[in-house]
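Structure data (mmCIF, C-alpha atoms) from protein_14.cif:
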data_entry
loop_
_atom_site.label_atom_id
_atom_site.label_comp_id
_atom_site.auth_asym_id
_atom_site.auth_seq_id
_atom_site.Cartn_x
_atom_site.Cartn_y
_atom_site.Cartn_z
CA GLY A 19 2.11 -6.01 -1.12
CA PHE A 20 -0.76 -6.01 -3.56
CA GLY A 21 -0.97 -7.86 -6.85
CA ILE A 22 -3.51 -8.86 -9.44
CA THR A 23 -3.47 -10.89 -12.63
CA LEU A 24 -4.32 -8.92 -15.76
CA ARG A 25 -6.22 -10.78 -18.43
CA GLU A 26 -4.77 -11.00 -21.92
CA GLY A 27 -5.63 -8.25 -24.36
CA PRO A 28 -5.80 -4.48 -24.22
CA ASN A 29 -6.13 -2.97 -20.74
CA VAL A 30 -6.38 0.67 -19.69
CA ARG A 31 -4.07 -0.14 -16.75
CA LEU A 32 -1.21 -0.52 -19.24
CA SER A 33 -1.74 2.86 -20.93
CA SER A 34 1.29 5.13 -20.66
CA GLU A 35 -0.84 8.07 -21.87
CA LEU A 36 -3.12 7.60 -18.84
CA GLU A 37 -0.25 7.11 -16.33
CA GLY A 38 -0.98 3.39 -16.02
CA GLY A 39 1.16 0.81 -14.31
CA ALA A 40 1.10 -1.44 -11.27
CA LEU A 41 2.49 1.21 -8.93
CA PHE A 42 -0.27 3.74 -9.56
CA ASP A 43 -3.03 1.10 -9.75
CA VAL A 44 -2.32 -1.34 -6.91
CA GLY A 45 0.94 -0.02 -5.41
CA CYS A 46 -0.79 3.09 -4.09
CA TYR A 47 -2.48 0.95 -1.41
CA PRO A 48 0.71 -0.31 0.29
CA VAL A 49 2.19 3.21 0.08
CA SER A 50 -0.96 4.61 1.69
CA VAL A 51 -0.92 1.99 4.47
CA LEU A 52 2.69 2.85 5.31
CA ARG A 53 1.87 6.58 5.38
CA ALA A 54 -1.12 5.97 7.65
CA MET A 55 0.87 3.70 9.99
CA LEU A 56 3.92 5.95 10.29
CA GLY A 57 2.23 9.33 10.06
CA ARG A 58 4.73 10.75 7.60
CA ALA A 59 6.21 10.34 4.15
CA PRO A 60 9.56 8.61 3.67
CA ARG A 61 12.73 10.67 3.19
CA ARG A 62 13.93 8.66 0.21
CA VAL A 63 13.06 5.56 -1.79
CA VAL A 64 14.63 3.05 -4.14
CA ALA A 65 12.70 0.80 -6.52
CA GLN A 66 13.09 -1.89 -9.16
CA ALA A 67 10.48 -2.54 -11.86
CA ASP A 68 9.66 -4.88 -14.70
CA TRP A 69 8.42 -2.87 -17.67
CA ASP A 70 5.60 -3.52 -20.11
CA PRO A 71 6.27 -2.77 -23.81
CA SER A 72 3.84 0.15 -23.40
CA GLY A 73 6.36 1.79 -21.04
CA VAL A 74 4.53 1.31 -17.74
CA ASP A 75 5.57 -0.89 -14.86
CA ARG A 76 3.99 -4.36 -14.73
CA SER A 77 5.52 -5.00 -11.31
CA LEU A 78 7.53 -2.91 -8.89
CA SER A 79 9.17 -3.42 -5.53
CA GLY A 80 10.57 -0.67 -3.40
CA LEU A 81 12.30 0.19 -0.16
CA LEU A 82 11.17 3.32 1.68
CA ASP A 83 13.56 4.98 4.14
CA TYR A 84 11.84 7.04 6.86
CA GLY A 85 15.02 7.83 8.82
CA ASP A 86 15.82 6.84 12.41
CA GLY A 87 16.16 3.19 11.34
CA VAL A 88 12.54 2.95 10.18
CA GLN A 89 12.03 1.28 6.79
CA GLY A 90 9.11 0.02 4.79
CA SER A 91 8.93 -2.12 1.70
CA ILE A 92 6.26 -2.49 -0.93
CA ALA A 93 5.59 -4.81 -3.82
CA CYS A 94 2.91 -4.51 -6.48
CA SER A 95 2.22 -6.45 -9.63
CA PHE A 96 -0.07 -7.17 -12.56
CA ASP A 97 1.64 -10.53 -13.16
CA HIS A 98 1.02 -12.52 -9.98
CA ALA A 99 -1.87 -14.38 -8.44
CA PRO A 100 -4.18 -11.93 -6.65
CA HIS A 101 -2.83 -11.11 -3.20
CA ARG A 102 -2.88 -8.41 -0.54
CA ALA A 103 -0.80 -8.66 2.59
CA LEU A 104 0.56 -6.41 5.30
CA ARG A 105 3.24 -7.30 7.83
CA ILE A 106 4.38 -4.85 10.49
CA VAL A 107 7.50 -5.90 12.36
CA GLY A 108 8.74 -4.06 15.41
CA ARG A 109 11.02 -4.69 18.36
CA GLN A 110 8.25 -6.22 20.45
CA GLY A 111 6.18 -8.19 17.98
CA VAL A 112 4.55 -8.67 14.60
CA ILE A 113 1.16 -7.84 13.10
CA GLU A 114 -0.03 -9.60 9.94
CA THR A 115 -3.16 -9.19 7.88
CA THR A 116 -4.42 -9.51 4.35
CA TYR A 117 -6.11 -6.08 4.76
CA PRO A 118 -8.82 -6.88 2.24
CA ASN A 119 -10.89 -4.01 0.95
CA THR A 120 -13.37 -6.44 -0.57
CA PRO A 121 -13.60 -9.27 1.98
CA ASP A 122 -15.85 -12.28 1.81
CA PRO A 123 -19.09 -10.99 3.39
CA ALA A 124 -19.72 -14.39 4.94
CA ARG A 125 -16.66 -14.52 7.16
CA ALA A 126 -14.68 -12.29 9.48
CA HIS A 127 -11.38 -10.73 8.53
CA VAL A 128 -8.52 -11.84 10.81
CA ILE A 129 -5.60 -9.75 12.03
CA GLY A 130 -2.78 -11.79 13.60
CA ILE A 131 -0.74 -10.31 16.42
CA ARG A 132 2.36 -11.95 17.86
CA ARG A 133 3.54 -10.21 21.02
CA GLY A 134 7.11 -10.88 22.02
CA THR A 135 10.36 -11.90 20.39
CA ALA A 136 10.50 -15.68 20.83
CA TRP A 137 10.79 -17.69 17.61
CA ARG A 138 8.03 -20.13 18.41
CA MET A 139 5.07 -17.98 19.27
CA ASP A 140 1.63 -18.27 17.77
CA PHE A 141 -0.26 -15.31 16.40
CA ASP A 142 -3.27 -14.24 18.43
CA PRO A 143 -6.15 -13.89 15.98
CA ILE A 144 -8.32 -10.79 16.22
CA GLU A 145 -11.46 -11.11 14.14
CA GLN A 146 -12.86 -8.04 12.45
CA PRO A 147 -16.40 -7.96 11.08
CA PRO A 148 -16.60 -8.13 7.29
CA ARG A 149 -16.63 -4.66 5.71
CA ASN A 150 -16.48 -3.52 2.14
CA GLY A 151 -13.58 -1.12 1.71
CA PHE A 152 -15.14 0.54 -1.31
CA ARG A 153 -18.24 1.26 0.77
CA CYS A 154 -16.02 2.73 3.50
CA GLU A 155 -14.35 4.99 0.90
CA LEU A 156 -17.73 6.15 -0.38
CA GLU A 157 -18.99 6.84 3.16
CA ALA A 158 -15.83 8.86 3.90
CA ILE A 159 -16.29 10.96 0.76
CA CYS A 160 -19.94 11.59 1.64
CA ALA A 161 -18.92 12.67 5.16
CA LEU A 162 -16.40 15.13 3.69
CA ILE A 163 -19.01 16.54 1.35
CA ASP A 164 -21.73 16.92 3.97
CA GLY A 165 -19.30 18.35 6.53
CA THR A 166 -19.62 15.64 9.19
CA ARG A 167 -15.94 14.78 8.82
CA ASN A 168 -13.49 17.51 9.80
CA ASP A 169 -10.06 16.06 9.03
CA GLN A 170 -9.72 17.44 5.51
CA ALA A 171 -6.32 19.02 6.18
CA LEU A 172 -4.94 15.71 7.46
CA LEU A 173 -6.35 13.79 4.50
CA ARG A 174 -5.01 16.38 2.05
CA GLY A 175 -1.54 16.09 3.60
CA GLU A 176 -1.64 12.29 3.43
CA SER A 177 -2.75 12.38 -0.20
CA ILE A 178 0.00 14.80 -1.18
CA ASP A 179 2.62 12.72 0.68
CA ASN A 180 1.39 9.58 -1.07
CA ALA A 181 1.55 11.23 -4.50
CA ALA A 182 5.10 12.46 -3.83
CA THR A 183 6.13 8.98 -2.65
CA LEU A 184 4.64 7.31 -5.73
CA ALA A 185 6.42 9.80 -8.01
CA ALA A 186 9.74 9.16 -6.25
CA LEU A 187 9.32 5.37 -6.48
CA LEU A 188 8.64 5.56 -10.21
CA ALA A 189 11.58 7.94 -10.74
CA SER A 190 13.84 5.57 -8.81
CA ALA A 191 12.73 2.56 -10.86
CA ARG A 192 13.44 4.50 -14.06
CA SER A 193 16.85 5.80 -12.88
CA ASP A 194 18.01 2.79 -10.83
CA GLN A 195 18.99 5.17 -8.00
CA TRP A 196 17.76 6.31 -4.61
CA CYS A 197 15.38 9.26 -4.97
CA ALA A 198 14.42 11.83 -2.36
CA VAL A 199 10.72 12.21 -1.68
CA ALA A 200 9.72 15.80 -2.34
CA ASP A 201 8.72 17.72 0.77
CA VAL A 202 5.37 19.09 -0.29
CA SER A 203 3.98 19.64 3.20
CA GLY A 204 4.07 23.43 2.94
#
If you took the structure in this file and wrote it as structure tokens, what would it be?
Amino acid sequence: GFGITLREGPNVRLSSELEGGALFDVGCYPVSVLRAMLGRAPRRVVAQADWDPSGVDRSLSGLLDYGDGVQGSIACSFDHAPHRALRIVGRQGVIETTYPNTPDPARAHVIGIRRGTAWRMDFDPIEQPPRNGFRCELEAICALIDGTRNDQALLRGESIDNAATLAALLASARSDQWCAVADVSG
């Protein structure tokens, strides 16, 4: 999940002409994390949204079905206190993090891992050095431009999958139905 609080007054994020909305602004991050973790786009999605008078979504939550019993869920909002969180739950444990892209430079980022299935188990903290996610994005773009990064085909496929997933989530929220995610891998 990822949410921010929009200030009162006009905001480009609420422009229907510019494809605004919470999903495209902050919801793209949870969708991208799921794609990176699972290595593929979902088969189908269903979503529910709260709509701004401008016609864009102010908040949206969705369920993503990857098949084989694998599911993901996302939530994004312009109407909540700022938050970012990621929880991965599997048969053998749980991973939790706030996955900040703009962490406090004075303290480490912590990923919590709970190995096992007992109810009363503590999370083992794994500290990560503070990094600025926007700087990482800029460094990745520079590496693509100067040719020192050679995974362009993978990144292109991930980007196309993410765009198809976002489009399906928005279509589902508008139709109140499950929507297939377009297979655009070809």
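In terms of minimum interatomic distance to Ile106 of chain A, A:Gly19 ranks closest within A:Pro123, A:Gly80, A:Gly19, A:Gly45, counting all atoms listed in the file.
Among the candidate residues A:Leu24, A:Leu56, A:Ala182, A:Ala126, the one lying nearest to Val88 of chain A is A:Leu56, with distances computed using all atoms listed in the file.
For the choices A:Arg76, A:Arg138, A:Arg58, A:Arg53, the atom-to-atom distance to Gly39 of chain A is smallest for A:Arg76 when using all atoms listed in the file.
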May I have the residues at most 7 Å from (-12.5, -9.5, 10.1) in the file's coordinates, counting all atoms listed in the file, as a PyMOL selection string?
chain A and resi 126-128+145-148
Compile a residue-level contact table for segment 80-123 of chain A against segment 61-71 of chain A at a cut-off of 12 Å, reporting for every qualifying residue the shortest atom pair and its distance in Å to one decimal, with only C-alpha atoms counted, rows ordered by chain and ascending number, as JSON lines.
{"residue": "A:Gly80", "atom": "CA", "partner": "A:Ala65", "partner_atom": "CA", "distance": 4.1}
{"residue": "A:Leu81", "atom": "CA", "partner": "A:Val64", "partner_atom": "CA", "distance": 5.4}
{"residue": "A:Leu82", "atom": "CA", "partner": "A:Val63", "partner_atom": "CA", "distance": 4.5}
{"residue": "A:Asp83", "atom": "CA", "partner": "A:Arg62", "partner_atom": "CA", "distance": 5.4}
{"residue": "A:Tyr84", "atom": "CA", "partner": "A:Arg61", "partner_atom": "CA", "distance": 5.2}
{"residue": "A:Gly85", "atom": "CA", "partner": "A:Arg61", "partner_atom": "CA", "distance": 6.7}
{"residue": "A:Asp86", "atom": "CA", "partner": "A:Arg61", "partner_atom": "CA", "distance": 10.5}
{"residue": "A:Gly87", "atom": "CA", "partner": "A:Arg61", "partner_atom": "CA", "distance": 11.6}
{"residue": "A:Val88", "atom": "CA", "partner": "A:Arg61", "partner_atom": "CA", "distance": 10.4}
{"residue": "A:Gln89", "atom": "CA", "partner": "A:Val63", "partner_atom": "CA", "distance": 9.6}
{"residue": "A:Gly90", "atom": "CA", "partner": "A:Val63", "partner_atom": "CA", "distance": 9.5}
{"residue": "A:Ser91", "atom": "CA", "partner": "A:Val63", "partner_atom": "CA", "distance": 9.4}
{"residue": "A:Ile92", "atom": "CA", "partner": "A:Ala65", "partner_atom": "CA", "distance": 9.1}
{"residue": "A:Ala93", "atom": "CA", "partner": "A:Ala65", "partner_atom": "CA", "distance": 9.5}
{"residue": "A:Cys94", "atom": "CA", "partner": "A:Ala67", "partner_atom": "CA", "distance": 9.5}
{"residue": "A:Ser95", "atom": "CA", "partner": "A:Asp68", "partner_atom": "CA", "distance": 9.1}
{"residue": "A:Phe96", "atom": "CA", "partner": "A:Asp70", "partner_atom": "CA", "distance": 10.1}
{"residue": "A:Asp97", "atom": "CA", "partner": "A:Asp68", "partner_atom": "CA", "distance": 9.9}
Excluding same-chain residues fewer than 5 positions from Glu37 of chain A, what lies within 12 Å of it counting all atoms listed in the file, as a list of chain:residue names?
A:Val30, A:Arg31, A:Leu32, A:Phe42, A:Asp43, A:Ser72, A:Gly73, A:Val74, A:Asp75, A:Leu184, A:Ala185, A:Leu188
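Between atom CA of Ser190 of chain A and atom CA of Leu173 of chain A lies a distance of 25.5 Å.
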Near Thr116 of chain A, counting only C-alpha atoms, which residues have an atom at most 9 Å away, once you skip same-chain residues fewer than 6 positions from it, shown as a PyMOL selection string?
chain A and resi 101-105+127-129
Write out, as a PDB file, keeping the file's coordinate frame, the residues just selected, with C-alpha atoms.
ATOM      1  CA  HIS A 101      -2.830 -11.110  -3.200  1.00  0.00           C
ATOM      2  CA  ARG A 102      -2.880  -8.410  -0.540  1.00  0.00           C
ATOM      3  CA  ALA A 103      -0.800  -8.660   2.590  1.00  0.00           C
ATOM      4  CA  LEU A 104       0.560  -6.410   5.300  1.00  0.00           C
ATOM      5  CA  ARG A 105       3.240  -7.300   7.830  1.00  0.00           C
ATOM      6  CA  HIS A 127     -11.380 -10.730   8.530  1.00  0.00           C
ATOM      7  CA  VAL A 128      -8.520 -11.840  10.810  1.00  0.00           C
ATOM      8  CA  ILE A 129      -5.600  -9.750  12.030  1.00  0.00           C
TER       9      ILE A 129
END
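Computed from the coordinates, the atom CA of Arg133 of chain A to atom CA of Val51 of chain A distance equals 21.0 Å.
Among the candidates A:Ala171, A:Val199, A:Ala99, A:Ile113, the one nearest to Ile22 of chain A when counting only C-alpha atoms is A:Ala99.
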Using the file's own x, y and z axes, what box holds all listed atoms of segment 33-37 of chain A with 6 Å on each side, keeping edges along x, y and z, and what are its centre and edge lengths in Å to one decimal, as lines of an AutoDock Vina configuration file?
center_x = -0.9
center_y = 5.5
center_z = -19.1
size_x = 16.4
size_y = 17.2
size_z = 17.5
